[in-house]
>>> print(open('data_33.csv').read())   # CSV, C-alpha atoms
chain,number,residue,atom,x,y,z
K,931,MET,CA,12.3,5.4,0.2
K,932,GLU,CA,14.6,2.4,-0.4
K,933,GLU,CA,14.7,0.3,-3.6
K,934,LYS,CA,12.1,-2.0,-2.1
K,935,MET,CA,8.9,-0.8,-0.5
K,936,THR,CA,8.2,-2.0,3.0
K,937,VAL,CA,5.0,-2.4,5.1
K,938,GLU,CA,6.3,0.6,7.1
K,939,ASP,CA,6.5,2.7,3.9
K,940,LEU,CA,2.9,1.6,3.2
K,941,LYS,CA,1.7,2.6,6.6
K,942,ARG,CA,3.0,6.1,6.0
K,943,ILE,CA,1.2,6.3,2.7
K,944,LEU,CA,-2.0,4.9,4.2
K,945,LEU,CA,-2.0,7.6,6.8
K,946,GLN,CA,-1.5,10.2,4.1
K,947,ALA,CA,-4.3,8.7,1.9
K,948,ALA,CA,-6.8,8.4,4.8
K,949,GLY,CA,-5.9,11.6,6.6
K,950,SER,CA,-5.5,12.1,10.4
K,951,ASP,CA,-9.1,11.0,11.1
K,952,SER,CA,-8.5,7.4,10.1
K,953,SER,CA,-9.6,5.0,12.8
K,954,ALA,CA,-7.2,2.2,11.6
K,955,ASP,CA,-4.6,1.2,14.2
K,956,LEU,CA,-1.5,1.2,12.1
K,957,ALA,CA,0.9,1.1,15.1
K,958,ARG,CA,0.5,-2.7,15.3
K,959,ASP,CA,1.6,-5.3,12.8
K,960,ILE,CA,-0.8,-4.9,9.9
K,961,ALA,CA,1.0,-7.0,7.2
K,962,ASP,CA,-1.6,-9.8,7.2
K,963,ILE,CA,-4.7,-8.0,8.3
K,964,SER,CA,-7.2,-7.4,5.4
K,965,PHE,CA,-7.7,-3.8,4.3
K,966,ASP,CA,-11.4,-4.3,5.0
K,967,GLU,CA,-10.6,-5.2,8.6
K,968,LEU,CA,-8.4,-2.1,8.8
K,969,GLY,CA,-11.3,0.0,7.6
K,970,TYR,CA,-9.9,0.9,4.2
K,971,ASP,CA,-12.6,0.9,1.5
K,972,SER,CA,-12.0,0.6,-2.2
K,973,LEU,CA,-11.7,4.4,-2.6
K,974,ALA,CA,-9.0,4.6,0.1
K,975,ARG,CA,-7.1,1.8,-1.6
K,976,LEU,CA,-7.3,3.5,-5.0
K,977,GLU,CA,-5.9,6.7,-3.4
K,978,THR,CA,-3.2,4.7,-1.7
K,979,VAL,CA,-2.2,3.1,-5.0
K,980,SER,CA,-2.2,6.5,-6.7
K,981,ARG,CA,0.1,7.9,-4.1
K,982,ILE,CA,2.4,4.9,-4.4
K,983,GLU,CA,2.6,5.5,-8.2
K,984,ARG,CA,3.4,9.1,-7.8
K,985,GLU,CA,6.0,8.6,-5.1
K,986,LEU,CA,7.8,5.7,-6.8
K,987,GLY,CA,7.3,6.9,-10.4
K,988,ILE,CA,5.8,3.6,-11.5
K,989,ARG,CA,2.5,2.5,-13.1
K,990,LEU,CA,0.5,-0.2,-11.3
K,991,ASP,CA,-2.3,-2.2,-12.8
K,992,ASP,CA,-5.9,-1.9,-11.5
K,993,ALA,CA,-5.7,-5.3,-9.8
K,994,THR,CA,-3.0,-3.9,-7.4
K,995,ALA,CA,-5.7,-1.9,-5.5
K,996,GLU,CA,-7.6,-5.1,-5.0
K,997,ALA,CA,-4.7,-6.7,-3.0
K,998,PRO,CA,-6.4,-8.1,0.1
K,999,THR,CA,-3.6,-7.3,2.6
K,1000,PRO,CA,-0.8,-4.8,3.1
K,1001,ARG,CA,1.8,-7.6,2.6
K,1002,GLU,CA,0.3,-8.6,-0.8
K,1003,LEU,CA,0.1,-4.9,-1.9
K,1004,VAL,CA,3.8,-4.4,-1.0
K,1005,GLU,CA,4.7,-7.6,-2.9
K,1006,LEU,CA,2.9,-6.4,-6.0
K,1007,VAL,CA,4.6,-3.0,-5.8
K,1008,ASN,CA,8.0,-4.6,-5.3
K,1009,GLN,CA,7.5,-6.7,-8.4
K,1010,LYS,CA,7.2,-3.5,-10.4
K,1011,LEU,CA,10.3,-2.1,-8.8
K,1012,VAL,CA,12.5,-5.0,-9.9
K,1013,PRO,CA,14.5,-3.9,-12.9
K,1014,SER,CA,14.0,-5.9,-16.0
K,1015,ALA,CA,16.9,-8.1,-17.1
>>> encode(input="data_33.csv", output="structure tokens")
Amino acid sequence: MEEKMTVEDLKRILLQAAGSDSSADLARDIADISFDELGYDSLARLETVSRIERELGIRLDDATAEAPTPRELVELVNQKLVPSA
């Protein structure tokens, strides 16, 4: 993965977290569609955040899992990836 997480990176992680039986259509542009509309409940979001933390070696706060859309989740993750000055 690059220095910044993208929505495409998140799609891959969402598929891993939900498994192959997910009914979410991730082939389309999902950046501004709510996780609820995509069919991801709070447990799936927590699993997604956990996978992001492991993959990127970062710690995210609990509010990150409450991001309403993929775009907002990616933005929160990228804020953590910015090196401190």
>>> atom_distance(input="data_33.csv", atom1="CA of Glu983 in chain K", atom2="CA of Arg958 in chain K")
25.0 Å
>>> closest_residue(input="data_33.csv", among="K:Asp962, K:Thr994, K:Tyr970, K:Arg1001", to="Ile982 in chain K", atoms="all atoms listed in the file")
K:Thr994
>>> closest_residue(input="data_33.csv", among="K:Ile960, K:Ala995, K:Val937, K:Val1012", to="Thr978 in chain K", atoms="all atoms listed in the file")
K:Ala995
>>> closest_residue(input="data_33.csv", among="K:Arg989, K:Leu940, K:Ile963, K:Asp955", to="Arg975 in chain K", atoms="all atoms listed in the file")
K:Leu940
>>> atom_distance(input="data_33.csv", atom1="CA of Gly987 in chain K", atom2="CA of Asp966 in chain K")
26.7 Å
>>> residues_around(input="data_33.csv", residues="Glu985 in chain K", least_positions_apart="6", cutoff="12 Å", atoms="all atoms listed in the file", output="PDB file with C-alpha atoms, in the coordinates of the input")
ATOM      1  CA  MET K 931      12.300   5.400   0.200  1.00  0.00           C
ATOM      2  CA  GLU K 932      14.600   2.400  -0.400  1.00  0.00           C
ATOM      3  CA  MET K 935       8.900  -0.800  -0.500  1.00  0.00           C
ATOM      4  CA  ASP K 939       6.500   2.700   3.900  1.00  0.00           C
ATOM      5  CA  LEU K 940       2.900   1.600   3.200  1.00  0.00           C
ATOM      6  CA  ARG K 942       3.000   6.100   6.000  1.00  0.00           C
ATOM      7  CA  ILE K 943       1.200   6.300   2.700  1.00  0.00           C
ATOM      8  CA  GLN K 946      -1.500  10.200   4.100  1.00  0.00           C
ATOM      9  CA  THR K 978      -3.200   4.700  -1.700  1.00  0.00           C
ATOM     10  CA  VAL K 979      -2.200   3.100  -5.000  1.00  0.00           C
ATOM     11  CA  VAL K1007       4.600  -3.000  -5.800  1.00  0.00           C
TER      12      VAL K1007
END
>>> atom_distance(input="data_33.csv", atom1="CA of Ala948 in chain K", atom2="CA of Ser980 in chain K")
12.5 Å
>>> closest_residue(input="data_33.csv", among="K:Asp959, K:Asn1008, K:Glu1002, K:Ser964", to="Leu986 in chain K", atoms="only C-alpha atoms")
K:Asn1008
>>> closest_residue(input="data_33.csv", among="K:Ala997, K:Asp971, K:Val1004, K:Leu990", to="Lys941 in chain K", atoms="all atoms listed in the file")
K:Val1004
>>> closest_residue(input="data_33.csv", among="K:Asp992, K:Thr999, K:Glu1005, K:Leu944", to="Glu977 in chain K", atoms="all atoms listed in the file")
K:Leu944
